[in-house]
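Peer 1: Data: entry_31.cif, mmCIF, C-alpha atoms.
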data_structure
loop_
_atom_site.label_atom_id
_atom_site.label_comp_id
_atom_site.auth_asym_id
_atom_site.auth_seq_id
_atom_site.Cartn_x
_atom_site.Cartn_y
_atom_site.Cartn_z
CA MET A 25 -24.13 -46.76 -61.84
CA PRO A 26 -21.47 -46.08 -64.51
CA GLY A 27 -22.40 -44.56 -67.83
CA LYS A 28 -22.83 -41.24 -69.55
CA VAL A 29 -23.24 -38.04 -67.59
CA SER A 30 -26.90 -37.02 -67.72
CA PRO A 31 -28.01 -34.39 -70.26
CA ASP A 32 -29.19 -32.15 -67.40
CA ASP A 33 -25.77 -32.25 -65.71
CA LEU A 34 -24.03 -31.59 -69.03
CA LEU A 35 -26.28 -28.60 -69.64
CA THR A 36 -25.61 -27.24 -66.15
CA HIS A 37 -21.89 -27.91 -65.84
CA VAL A 38 -20.40 -28.43 -69.31
CA PHE A 39 -22.23 -26.94 -72.27
CA GLU A 40 -22.09 -23.41 -70.89
CA ARG A 41 -18.38 -23.67 -69.96
CA THR A 42 -16.61 -23.84 -73.30
CA GLY A 43 -13.89 -21.23 -73.02
CA ALA A 44 -13.83 -18.80 -75.91
CA ALA A 45 -16.14 -20.88 -78.12
CA GLU A 46 -19.09 -18.54 -77.58
CA SER A 47 -17.32 -15.72 -79.40
CA ASP A 48 -15.40 -17.88 -81.89
CA GLU A 49 -17.12 -17.64 -85.26
CA THR A 50 -15.27 -20.68 -86.57
CA VAL A 51 -17.16 -23.00 -84.16
CA VAL A 52 -20.07 -24.33 -86.20
CA GLN A 53 -21.09 -26.99 -83.68
CA GLY A 54 -19.85 -27.10 -80.11
CA PRO A 55 -20.81 -29.42 -77.24
CA ALA A 56 -24.56 -30.15 -77.31
CA ASP A 57 -27.02 -32.82 -76.26
CA GLY A 58 -26.81 -35.80 -78.61
CA GLU A 59 -24.30 -34.37 -81.06
CA ASP A 60 -21.62 -36.83 -82.17
CA ALA A 61 -18.84 -34.37 -83.01
CA ALA A 62 -17.71 -30.77 -83.01
CA ALA A 63 -17.50 -28.84 -86.28
CA ILE A 64 -15.02 -26.05 -86.90
CA ASP A 65 -14.73 -23.94 -90.04
CA TRP A 66 -11.23 -23.83 -91.46
CA PRO A 67 -9.84 -20.32 -90.88
CA ASP A 68 -9.41 -19.88 -94.64
CA GLY A 69 -13.03 -20.82 -95.26
CA GLU A 70 -12.26 -24.04 -97.13
CA GLY A 71 -14.52 -26.68 -95.61
CA THR A 72 -15.21 -27.78 -92.03
CA LEU A 73 -13.06 -29.73 -89.58
CA VAL A 74 -15.03 -32.38 -87.65
CA VAL A 75 -13.59 -33.57 -84.31
CA SER A 76 -14.76 -36.24 -81.86
CA SER A 77 -13.28 -37.93 -78.76
CA ASP A 78 -14.42 -41.22 -77.25
CA PRO A 79 -13.24 -43.51 -74.45
CA ILE A 80 -13.28 -47.30 -74.29
CA SER A 81 -13.32 -48.25 -70.63
CA LEU A 82 -15.23 -51.47 -69.96
CA ALA A 83 -14.78 -53.85 -72.90
CA ALA A 84 -12.15 -56.47 -72.10
CA GLU A 85 -11.43 -57.64 -75.65
CA GLY A 86 -10.56 -55.82 -78.86
CA VAL A 87 -10.25 -52.40 -77.24
CA GLY A 88 -7.89 -51.13 -79.93
CA GLU A 89 -10.29 -51.89 -82.76
CA LEU A 90 -13.27 -50.64 -80.80
CA GLY A 91 -11.48 -47.41 -79.96
CA VAL A 92 -10.75 -46.60 -83.60
CA TYR A 93 -14.18 -47.60 -84.85
CA VAL A 94 -16.14 -45.71 -82.22
CA ALA A 95 -14.13 -42.50 -82.58
CA THR A 96 -14.10 -42.50 -86.38
CA ASN A 97 -17.79 -43.41 -86.54
CA ASP A 98 -18.68 -40.11 -84.90
CA VAL A 99 -16.70 -38.21 -87.51
CA ALA A 100 -18.20 -40.25 -90.36
CA VAL A 101 -21.80 -39.74 -89.25
CA SER A 102 -21.13 -36.00 -89.18
CA GLY A 103 -20.47 -36.08 -92.92
CA ALA A 104 -16.67 -36.22 -92.93
CA ASP A 105 -14.07 -38.80 -93.93
CA PRO A 106 -11.95 -39.68 -90.85
CA ARG A 107 -8.33 -38.74 -91.57
CA TRP A 108 -6.41 -38.25 -88.32
CA LEU A 109 -6.39 -39.94 -84.91
CA THR A 110 -4.70 -39.40 -81.57
CA ALA A 111 -4.72 -42.24 -79.02
CA VAL A 112 -4.35 -42.10 -75.24
CA VAL A 113 -3.62 -45.61 -73.95
CA LEU A 114 -3.64 -46.23 -70.18
CA LEU A 115 -2.49 -49.71 -69.15
CA PRO A 116 -2.88 -51.65 -65.89
CA SER A 117 0.38 -52.13 -64.01
CA ALA A 118 1.73 -55.36 -62.49
CA ASP A 119 0.22 -54.49 -59.09
CA ASN A 120 -3.20 -55.28 -60.51
CA GLY A 121 -2.17 -58.76 -61.60
CA ALA A 122 -1.47 -57.78 -65.20
CA ALA A 123 1.96 -59.43 -64.98
CA ASP A 124 0.47 -62.88 -64.40
CA GLY A 125 1.70 -62.77 -60.82
CA ASP A 126 5.34 -62.02 -61.66
CA ASP A 127 6.07 -59.00 -59.48
CA THR A 128 9.70 -58.88 -60.64
CA ALA A 129 8.56 -58.35 -64.22
CA GLY A 130 6.63 -55.25 -63.23
CA SER A 131 4.61 -53.46 -65.84
CA THR A 132 7.22 -54.04 -68.54
CA ASP A 133 6.63 -57.72 -69.43
CA SER A 134 2.86 -57.71 -69.04
CA GLY A 135 2.36 -54.19 -70.30
CA ARG A 136 4.55 -54.71 -73.34
CA SER A 137 2.45 -57.70 -74.38
CA LEU A 138 -0.78 -55.79 -73.84
CA LEU A 139 0.62 -52.66 -75.47
CA GLU A 140 1.74 -54.72 -78.45
CA GLU A 141 -1.74 -56.20 -78.83
CA ILE A 142 -3.51 -52.85 -78.53
CA SER A 143 -1.14 -50.97 -80.81
CA HIS A 144 -1.43 -53.72 -83.44
CA ASP A 145 -5.23 -53.44 -83.33
CA LEU A 146 -5.10 -49.64 -83.43
CA ASP A 147 -2.87 -49.78 -86.50
CA ALA A 148 -4.98 -52.35 -88.35
CA ALA A 149 -8.29 -50.60 -87.69
CA ALA A 150 -6.91 -47.18 -88.58
CA ARG A 151 -5.59 -48.53 -91.88
CA GLU A 152 -9.00 -50.07 -92.56
CA VAL A 153 -10.85 -46.76 -92.21
CA GLY A 154 -8.08 -44.77 -93.91
CA ALA A 155 -7.05 -42.70 -90.87
CA SER A 156 -3.52 -41.76 -89.74
CA ILE A 157 -2.53 -42.05 -86.08
CA VAL A 158 -0.67 -38.77 -85.54
CA GLY A 159 -0.05 -38.69 -81.78
CA GLY A 160 -1.24 -39.55 -78.30
CA HIS A 161 0.06 -40.76 -74.95
CA SER A 162 0.66 -44.07 -73.14
CA GLU A 163 1.07 -44.73 -69.42
CA TYR A 164 0.89 -47.46 -66.75
CA VAL A 165 -1.65 -46.86 -63.96
CA ASP A 166 -1.72 -48.85 -60.73
CA GLN A 167 -5.44 -48.32 -60.18
CA LEU A 168 -6.54 -49.86 -63.48
CA GLU A 169 -7.67 -53.47 -63.81
CA ARG A 170 -8.26 -53.28 -67.57
CA PRO A 171 -6.88 -50.97 -70.27
CA LEU A 172 -8.48 -47.56 -70.77
CA LEU A 173 -8.33 -45.94 -74.19
CA SER A 174 -9.41 -42.50 -75.36
CA LEU A 175 -9.19 -41.61 -79.02
CA THR A 176 -9.75 -38.34 -80.85
CA ALA A 177 -10.69 -38.54 -84.51
CA MET A 178 -10.65 -35.70 -87.03
CA GLY A 179 -11.80 -35.28 -90.61
CA ALA A 180 -12.88 -32.66 -93.11
CA THR A 181 -16.14 -32.11 -94.97
CA ASP A 182 -17.90 -29.58 -97.17
CA ARG A 183 -21.27 -30.43 -95.56
CA PHE A 184 -21.53 -31.02 -91.82
CA VAL A 185 -24.44 -33.34 -90.96
CA PRO A 186 -25.58 -32.88 -87.34
CA THR A 187 -27.50 -35.19 -85.05
CA GLY A 188 -29.99 -32.36 -84.63
CA GLY A 189 -31.06 -31.99 -88.26
CA ALA A 190 -34.12 -34.26 -88.30
CA ALA A 191 -37.26 -32.56 -89.64
CA PRO A 192 -40.94 -33.54 -89.41
CA GLY A 193 -41.86 -35.74 -92.35
CA ASP A 194 -38.45 -37.39 -92.58
CA ALA A 195 -38.15 -41.17 -92.44
CA VAL A 196 -35.86 -42.90 -89.93
CA ILE A 197 -33.49 -45.55 -91.28
CA LEU A 198 -31.10 -47.94 -89.57
CA THR A 199 -28.20 -49.72 -91.24
CA LYS A 200 -27.17 -53.29 -90.40
CA ALA A 201 -28.99 -54.12 -87.14
CA ALA A 202 -29.48 -53.24 -83.48
CA GLY A 203 -27.08 -54.37 -80.76
CA ILE A 204 -24.08 -55.27 -82.93
CA GLU A 205 -21.40 -54.03 -80.53
CA GLY A 206 -23.39 -55.19 -77.52
CA SER A 207 -23.64 -58.69 -78.99
CA ALA A 208 -19.88 -58.88 -79.47
CA ILE A 209 -19.32 -57.70 -75.90
CA LEU A 210 -21.84 -60.19 -74.50
CA ALA A 211 -20.15 -63.03 -76.36
CA ALA A 212 -16.60 -62.00 -75.42
CA ASP A 213 -17.12 -60.90 -71.82
CA PHE A 214 -20.01 -63.11 -70.70
CA GLY A 215 -20.06 -66.02 -73.13
CA ASP A 216 -18.73 -68.48 -70.53
CA GLU A 217 -21.66 -67.68 -68.24
CA LEU A 218 -24.48 -67.81 -70.79
CA ASP A 219 -26.26 -70.98 -71.84
CA ILE A 220 -25.76 -70.55 -75.58
CA ASP A 221 -24.45 -72.63 -78.46
CA PRO A 222 -20.69 -72.06 -79.03
CA GLU A 223 -21.44 -71.38 -82.70
CA VAL A 224 -23.71 -68.48 -81.73
CA ARG A 225 -21.01 -67.06 -79.48
CA GLU A 226 -18.40 -67.33 -82.23
CA ARG A 227 -20.72 -65.64 -84.71
CA ALA A 228 -21.43 -62.77 -82.33
CA GLU A 229 -17.77 -62.25 -81.44
CA ALA A 230 -17.14 -61.72 -85.15
CA PHE A 231 -19.54 -58.76 -85.09
CA LEU A 232 -16.58 -56.76 -83.75
CA ASP A 233 -15.35 -56.63 -87.34
CA GLU A 234 -18.51 -54.73 -88.31
CA ILE A 235 -18.40 -51.88 -85.80
CA SER A 236 -17.25 -49.30 -88.34
CA VAL A 237 -19.99 -47.34 -90.15
CA VAL A 238 -17.61 -45.27 -92.26
CA SER A 239 -18.64 -47.01 -95.50
CA GLU A 240 -22.38 -46.54 -95.05
CA ALA A 241 -21.97 -42.98 -93.77
CA ARG A 242 -20.29 -42.02 -97.05
CA ILE A 243 -23.45 -43.16 -98.85
CA VAL A 244 -26.12 -41.96 -96.44
CA ARG A 245 -24.62 -38.47 -96.02
CA GLU A 246 -25.70 -37.66 -99.58
CA TYR A 247 -29.35 -37.98 -98.50
CA ALA A 248 -29.50 -37.43 -94.75
CA THR A 249 -30.81 -34.48 -92.76
CA ALA A 250 -29.34 -36.03 -89.60
CA MET A 251 -27.03 -38.95 -88.81
CA HIS A 252 -26.09 -40.51 -85.49
CA ASP A 253 -23.91 -43.32 -84.16
CA PRO A 254 -25.89 -45.22 -81.49
CA THR A 255 -23.46 -46.29 -78.78
CA GLU A 256 -24.21 -46.58 -75.05
CA GLY A 257 -27.87 -47.35 -74.44
CA GLY A 258 -28.18 -48.85 -77.90
CA VAL A 259 -30.48 -47.95 -80.76
CA ALA A 260 -33.20 -46.81 -78.36
CA ALA A 261 -30.87 -44.28 -76.71
CA GLY A 262 -29.59 -43.18 -80.12
CA LEU A 263 -33.12 -42.54 -81.34
CA LEU A 264 -33.92 -40.50 -78.25
CA GLU A 265 -30.72 -38.49 -78.71
CA VAL A 266 -31.73 -37.65 -82.29
CA ALA A 267 -35.16 -36.59 -81.04
CA ARG A 268 -33.72 -34.39 -78.30
CA ALA A 269 -31.07 -32.82 -80.52
CA SER A 270 -33.64 -32.09 -83.24
CA SER A 271 -36.55 -31.10 -80.94
CA VAL A 272 -38.85 -33.62 -82.62
CA ARG A 273 -40.76 -36.82 -81.89
CA LEU A 274 -39.48 -40.06 -83.42
CA THR A 275 -42.15 -42.75 -83.87
CA VAL A 276 -40.58 -46.18 -84.27
CA ASP A 277 -42.00 -49.68 -84.72
CA ARG A 278 -39.90 -52.17 -82.74
CA ASP A 279 -40.75 -54.97 -85.18
CA ALA A 280 -39.26 -52.90 -88.00
CA VAL A 281 -35.86 -52.71 -86.26
CA PRO A 282 -33.52 -55.40 -87.67
CA ILE A 283 -32.19 -57.74 -84.97
CA ARG A 284 -29.84 -60.57 -85.88
CA GLU A 285 -30.57 -64.10 -84.69
CA ALA A 286 -27.34 -64.30 -82.69
CA THR A 287 -28.18 -60.99 -81.00
CA ALA A 288 -31.67 -62.16 -80.08
CA THR A 289 -30.30 -65.43 -78.66
CA LEU A 290 -27.61 -63.72 -76.57
CA CYS A 291 -29.97 -61.03 -75.28
CA GLU A 292 -32.58 -63.57 -74.27
CA ALA A 293 -29.95 -65.61 -72.40
CA ALA A 294 -28.59 -62.51 -70.64
CA GLY A 295 -32.00 -60.96 -69.95
CA VAL A 296 -31.27 -57.72 -71.80
CA ASP A 297 -33.07 -55.70 -74.48
CA PRO A 298 -31.30 -55.75 -77.89
CA LEU A 299 -32.41 -52.16 -78.46
CA ARG A 300 -30.76 -51.07 -75.18
CA ILE A 301 -27.27 -52.56 -75.48
CA PHE A 302 -24.27 -50.88 -77.09
CA GLY A 303 -25.29 -50.12 -80.67
CA SER A 304 -22.08 -49.24 -82.51
CA GLY A 305 -22.04 -50.89 -85.92
CA ALA A 306 -25.39 -49.44 -86.93
CA LEU A 307 -26.00 -46.01 -88.40
CA LEU A 308 -29.14 -44.05 -87.55
CA ALA A 309 -30.24 -41.42 -90.04
CA THR A 310 -33.22 -39.32 -90.96
CA VAL A 311 -33.89 -38.89 -94.67
CA PRO A 312 -36.53 -36.85 -96.52
CA ALA A 313 -39.44 -39.11 -97.46
CA ASP A 314 -38.86 -38.65 -101.18
CA ALA A 315 -35.22 -39.79 -100.86
CA VAL A 316 -35.72 -42.96 -98.80
CA ASP A 317 -35.96 -45.38 -101.71
CA ASP A 318 -32.85 -43.93 -103.39
CA CYS A 319 -30.89 -44.06 -100.12
CA LEU A 320 -31.86 -47.67 -99.37
CA ALA A 321 -31.11 -48.67 -102.97
CA ALA A 322 -27.65 -47.06 -102.82
CA LEU A 323 -26.89 -48.95 -99.62
CA ALA A 324 -28.13 -52.22 -101.13
CA ASP A 325 -25.97 -51.68 -104.21
CA ALA A 326 -22.97 -51.43 -101.86
CA GLY A 327 -23.96 -54.67 -100.13
CA LEU A 328 -25.09 -52.90 -96.95
CA ALA A 329 -28.30 -53.90 -95.19
CA ALA A 330 -30.66 -51.13 -94.05
CA ALA A 331 -34.31 -50.68 -93.13
CA GLU A 332 -36.84 -47.90 -92.67
CA ILE A 333 -37.91 -48.12 -89.02
CA GLY A 334 -39.95 -45.02 -88.27
CA THR A 335 -40.91 -41.44 -88.96
CA VAL A 336 -40.12 -37.96 -87.64
CA ARG A 337 -43.02 -35.92 -86.29
CA ASP A 338 -43.49 -32.49 -84.82
CA CYS A 339 -43.51 -32.31 -81.03
CA ASP A 340 -46.57 -30.03 -81.07
CA GLY A 341 -45.29 -28.12 -78.07
CA SER A 342 -44.37 -31.22 -76.05
CA ASP A 343 -40.89 -32.32 -75.00
CA PRO A 344 -38.84 -34.21 -77.58
CA GLU A 345 -39.48 -37.93 -77.27
CA LEU A 346 -39.10 -41.39 -78.70
CA GLY A 347 -42.36 -43.18 -79.34
CA LEU A 348 -41.53 -46.89 -79.33
CA ASP A 349 -44.55 -49.11 -79.97
CA GLY A 350 -46.77 -46.56 -78.26
CA GLU A 351 -44.47 -46.05 -75.26
CA SER A 352 -43.38 -42.45 -74.76
CA ILE A 353 -39.70 -42.24 -73.77
CA THR A 354 -38.23 -38.91 -72.71
CA ASP A 355 -35.69 -39.77 -69.99
CA PRO A 356 -32.10 -40.85 -70.79
CA ILE A 357 -31.74 -44.60 -71.38
CA ALA A 358 -29.19 -46.61 -69.38
CA ASP A 359 -27.39 -49.44 -71.13
CA ASP A 360 -28.50 -52.93 -70.09
CA LEU A 361 -24.89 -54.20 -70.04
CA TYR A 362 -23.77 -52.08 -67.08
CA PRO A 363 -25.53 -54.22 -64.44
CA LEU A 364 -23.84 -57.30 -65.93
CA TRP A 365 -20.39 -55.73 -65.58
CA GLU A 366 -21.18 -54.58 -62.04
CA ARG A 367 -22.29 -58.05 -61.03
CA ALA A 368 -19.17 -59.60 -62.58
CA ASP A 369 -16.93 -57.12 -60.71
CA SER A 370 -18.69 -57.81 -57.41
CA GLU A 371 -18.26 -61.57 -57.84
CA ALA A 372 -14.59 -61.35 -58.85
#
Could I get this structure in the form of structure tokens?

Peer 2:
Amino acid sequence: MPGKVSPDDLLTHVFERTGAAESDETVVQGPADGEDAAAIDWPDGEGTLVVSSDPISLAAEGVGELGVYVATNDVAVSGADPRWLTAVVLLPSADNGAADGDDTAGSTDSGRSLLEEISHDLDAAAREVGASIVGGHSEYVDQLERPLLSLTAMGATDRFVPTGGAAPGDAVILTKAAGIEGSAILAADFGDELDIDPEVRERAEAFLDEISVVSEARIVREYATAMHDPTEGGVAAGLLEVARASSVRLTVDRDAVPIREATATLCEAAGVDPLRIFGSGALLATVPADAVDDCLAALADAGLAAAEIGTVRDCDGSDPELGLDGESITDPIADDLYPLWERADSEA
């Protein structure tokens, strides 16, 4: 099944193979389980550079916007303002039908249209978050059936906020709602197959405009001990990643997790869990108990919805875990959308 490489495989094959990072004193945060971004001290000691790379490989619509939002979210939830982006754009060639059946047009006619759409979306989203696209690469690939993007985002901060900073006694907060990105994907990629009202589908497709968490991260970073961008596997996976990175237990009440009506309708029709579908658009954070009210009030003043959904507890010698309505979750969580994509590909 597609999806993230398991934490165990990353630990065995990736995290211990980082070149000269082990002896480089400027590396504040390197590759680690659950961490959203790397952090590097400027050589002159003035602040910290935050860097994150993310691919967009399965979404069929709005890949340019998604690419910018997902990459810059990881920088934002690490306490930095996203400033620079590089974009690698791989496009399907005419041999995969991207030229609408016109073999003489080759990749030029079809690819130019697709490239124009993607580059327009990249530009608009980057302007929205205040980031400059400073480089990248583009290429046509015969083996691709849909575009593949990989973006690297960079920004600077005076206070790096890790995923692994949660401390016992902290409260867990979530901005906006669970399953925002997943809802938009369900509506765009599977809306024709689901028995839902067209108005619900239209509303969910518009969630794509809310994927960025840069605005709320700028507020929450003033209070947070940890921040995280829940992506693949949804809010549930994001919560578990915070627990693992921080070596703590997160206790969460499912009923306290905000879920929009359109999300609930789509998830019920598709037979998926709204807490286990792509979660970009929400920001997870842990905040000291005495700062929760101030943090939620600051978000409300900015017109941003947020809720307290749980607490951070000590593991008491046990493995880090997510306690969700009494269920103990310790193993990585697979996203519920992957089986839908696999079924669609097999039926194509």

Peer 1: Give me, as a PyMOL selection string, all polymer residues having an atom no more than 7 Å from Val311 of chain A, counting all atoms listed in the file and skipping those fewer than 4 positions away in the same chain.

Peer 2: chain A and resi 194-196+247-249+315-316

Peer 1: What is the distance, in Å and to one decimal place, between atom CA of Arg170 of chain A and atom CA of Ser76 of chain A?

Peer 2: 23.2 Å

Peer 1: Separation of atom CA of Gly91 of chain A and atom CA of Val153 of chain A, in Å?

Peer 2: 12.3 Å

Peer 1: Distance atom CA of Glu70 of chain A-atom CA of Val238 of chain A, one decimal place?

Peer 2: 22.4 Å

Peer 1: Restricting the calculation to all atoms listed in the file: of A:Val266, A:Leu232, A:Leu364, A:Met251, which residue gets closest to Glu345 of chain A?

Peer 2: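 Of the candidates, the smallest distance to Glu345 of chain A is held by A:Val266.
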
Peer 1: Going by the chain IDs and residue numbers used in this file, which residues fall under the PyMOL selection byres ((chain A and resi 355-362) around 10)? Write them as a PyMOL selection string.

Peer 2: chain A and resi 25-32+82+206+209-210+255-258+260-262+264-265+291+294-303+344-346+352-354+363-368

Peer 1: Report as JSON, numbers by chain the full result of the PyMOL selection byres ((chain A and resi 171) around 6) when it is applied to this structure.

Peer 2: {"A": [114, 115, 116, 170, 172]}

Peer 1: Spell out the residues picked by the PyMOL selection byres ((chain A and resi 201) around 6) here, as a list of chain:residue names.

Peer 2: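 Taken over the shown coordinates, the PyMOL selection byres ((chain A and resi 201) around 6) returns A:Lys200, A:Ala202, A:Pro282, A:Ile283, A:Ala306.
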
Peer 1: Would you mind exporting C-alpha atoms of the selected residues as a PDB file, in the coordinates of the input?

Peer 2:
ATOM      1  CA  LYS A 200     -27.170 -53.290 -90.400  1.00  0.00           C
ATOM      2  CA  ALA A 202     -29.480 -53.240 -83.480  1.00  0.00           C
ATOM      3  CA  PRO A 282     -33.520 -55.400 -87.670  1.00  0.00           C
ATOM      4  CA  ILE A 283     -32.190 -57.740 -84.970  1.00  0.00           C
ATOM      5  CA  ALA A 306     -25.390 -49.440 -86.930  1.00  0.00           C
TER       6      ALA A 306
END

Peer 1: Write out as a list in words each polymer residue whose atoms come within 9 Å of Glu246 of chain A, counting only C-alpha atoms; drop sequence neighbours fewer than 5 positions from it.

Peer 2: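 The neighbour list is Gly103, Ala241 and Cys319 of chain A.
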
Peer 1: Mind listing as a list in words all residues within 12 Å of (-24.0, -27.3, -95.1), counting all atoms listed in the file?

Peer 2: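 Neighbouring residues, ordered by chain and number, come to Val52, Gln53, Ala63, Asp65, Gly71, Thr72, Ser102, Gly103, Ala104, Thr181, Asp182, Arg183, Phe184, Val185, Pro186, Gly189, Arg245, Glu246, Ala248, Thr249 and Ala250 of chain A.
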